[in-house]
Amino acid sequence: KEEDMEWLVTTCVQCMHLMVDLFHKFYAKVGSLLKDIMVMLVDFIAKGNATLAGIGVSSCVRLINFCGGEFDDETWHQVNALLIQYIKSNMPNFGVLERKAEEGDGEVSKSPRDKDMPEITSARRSEEALEDMRLIVVGLSKQITVTNLFLEAMQQVLENFIDKMPMTDQMDCLSVIGERHLKFSEARQVYCSNDILYRVPNSSREHLLRGIASHEVTPIQWILEQEAEGVSVSLSNFVKLLKIGNDELCGKVEDYVLQECQDIFDTFVKELNAQIETNAYSDKDSKFRQEQEAWAPAIVSSLEALAAIRTVRLEKSLTSIYPSLVGLIVCDDMRISLALRKVFETSMTGVVR
């Protein structure tokens, strides 16, 4: 409702900020309530409502920024454990979409054999399957949004308190941020191997596609793009940490960056080569072209992150990652080509002799 939204962006925001200010002012006396306050704030993020989530992130970061200087090691551990718990519980599970698509296939294939008005029964089942898929995909898109917001909050905290947070907690934060690309890989696998968008009848498919504009329904292609954006944010955050972290932290960050880049490059290049070998890459309207468009931000961010890695560390992984970099040369996406050129002109100049 309009009045509810107005309340959220005015009264609610002011109340949350005042509560954080008061908690900070009297932290010495009410510090034992930190966990309760944090639970309330992260619940705002986990609701799935974009406005509530934004309020939760800003208030959570504001609270930790104000009070973090007074945290001891145990308090930092509790705060990070709470954030990690919520991040992991909200990570999207794309397997449920895959299973629903398989169930839908089974029902549609049986419907023409229905003795009682088979065409009507088939149409009804198709609409029911589409509605089920719509609800699942909308839920997944909310999980993606919530996960990215939690990671944004964690990243800001890690940046602001990199000198105060215990190293074990820093590593735990990096581990969670590093898991982000695994979900992108999962989304891509479901998208590529099952053709979910094309498993529904033409009439339903058109309805599904029309829903993109109104945001009533969200096809897996859109989810793949959101996941690629999530990977981009994750890698960008890693690059920031490389500039401010100590040697131990930077070494761990570089490990994550190299692993993400390796996974993304290898998988994409393998599919790209398969398209070229079958002459399918020349088809500008192919499914792979749509996938390449969705992948581009993640690949560009991976190349930019690779360029930020120290030469001495890059040299150790050269034999494994160099073939994939060479394989990207044949990709005709201008964004990828420009980012790849920068890597070869800067990072690889000192590595390849």
# chains A, B, ... in the order shown; residues from 1 in each chain; ligands from 1
>>> residues_around(residues="Glu254 in chain A", least_positions_apart="2", cutoff="8 Å", atoms="only C-alpha atoms", output="PyMOL selection string")
chain A and resi 242+250-252+256-258+309+313
>>> residues_around(residues="Thr51 in chain A", least_positions_apart="6", cutoff="9 Å", atoms="only C-alpha atoms", output="list in words")
Met5, Leu8, Val9 and Ile45 of chain A
>>> write_last_selection(atoms="C-alpha atoms", output="compact mmCIF listing (two decimals), in the first residue's frame")
# COMPACT_ATOMS: atom_id res chain seq x y z
CA MET A 5 5.55 2.47 1.68
CA LEU A 8 8.74 2.69 5.53
CA VAL A 9 10.82 5.35 3.79
CA ILE A 45 17.05 -7.87 5.06
>>> residues_around(residues="Met154 in chain A", least_positions_apart="6", cutoff="9 Å", atoms="only C-alpha atoms", output="number ranges by chain")
A: 61, 80, 83-84, 173, 177
>>> residues_around(residues="range 14-24 of chain A", least_positions_apart="2", cutoff="12 Å", atoms="only C-alpha atoms", output="compact mmCIF listing (two decimals) with C-alpha atoms, in the first residue's frame")
# COMPACT_ATOMS: atom_id res chain seq x y z
CA TRP A 7 5.83 4.97 6.40
CA LEU A 8 8.74 2.69 5.53
CA VAL A 9 10.82 5.35 3.79
CA THR A 10 10.14 8.07 6.39
CA THR A 11 9.15 7.05 9.92
CA CYS A 12 10.67 3.57 9.82
CA PHE A 26 24.77 3.72 25.64
CA TYR A 27 26.75 0.76 24.33
CA ALA A 28 28.70 0.37 27.57
CA LYS A 29 25.43 -0.32 29.43
CA VAL A 30 23.33 -2.09 26.77
CA GLY A 31 26.04 -3.89 24.79
CA SER A 32 24.64 -7.25 25.91
CA LEU A 33 21.64 -6.56 23.64
CA LEU A 34 23.82 -6.46 20.51
CA LYS A 35 22.75 -9.88 19.27
CA ASP A 36 19.04 -9.04 19.69
CA ILE A 37 19.46 -5.79 17.78
CA MET A 38 21.44 -7.53 15.02
CA MET A 40 16.12 -7.62 14.20
CA LEU A 41 18.15 -5.78 11.56
CA PHE A 44 14.66 -6.76 7.79
CA LEU A 52 12.91 -3.32 4.01
CA GLY A 54 17.71 -1.66 2.04
CA ILE A 55 16.77 -0.27 5.46
CA GLY A 56 18.18 -3.38 7.11
CA VAL A 57 21.50 -3.17 5.28
CA SER A 58 22.04 0.53 5.96
CA SER A 59 21.08 0.17 9.63
CA CYS A 60 23.19 -2.96 10.12
CA VAL A 61 26.29 -1.36 8.60
CA ARG A 62 25.62 1.85 10.54
CA LEU A 63 25.43 -0.08 13.81
CA ILE A 64 28.67 -2.00 13.21
CA ASN A 65 30.47 1.12 11.98
CA PHE A 66 29.49 2.98 15.17
CA CYS A 67 30.17 0.18 17.65
CA GLY A 68 32.73 -2.01 15.88
CA GLY A 69 35.64 -0.15 17.42
CA GLU A 70 34.55 -1.48 20.82
CA PHE A 71 34.04 -5.10 19.78
>>> residues_around(residues="range 314-324 of chain A", least_positions_apart="6", cutoff="8 Å", atoms="only C-alpha atoms", output="list in words")
Leu258, Gln262, Phe265, Asp266, Val269 and Val351 of chain A
>>> closest_residue(among="A:Ile276, A:Leu82, A:Leu306, A:Val233", to="Cys331 in chain A", atoms="only C-alpha atoms")
A:Ile276
>>> closest_residue(among="A:Leu303, A:Phe268, A:Gln156, A:Glu260", to="Arg289 in chain A", atoms="only C-alpha atoms")
A:Phe268
>>> atom_distance(atom1="CA of Ala307 in chain A", atom2="CA of Thr145 in chain A")
28.0 Å
>>> residues_around(residues="Gln275 in chain A", least_positions_apart="2", cutoff="12 Å", atoms="only C-alpha atoms", output="VMD selection string")
chain A and resid 268 to 273 277 to 284 286 to 289 292 330 to 331
>>> atom_distance(atom1="CA of Thr346 in chain A", atom2="CA of Thr267 in chain A")
24.3 Å
>>> closest_residue(among="A:Ala305, A:Met165, A:Val157, A:Leu149", to="Thr75 in chain A", atoms="only C-alpha atoms")
A:Met165
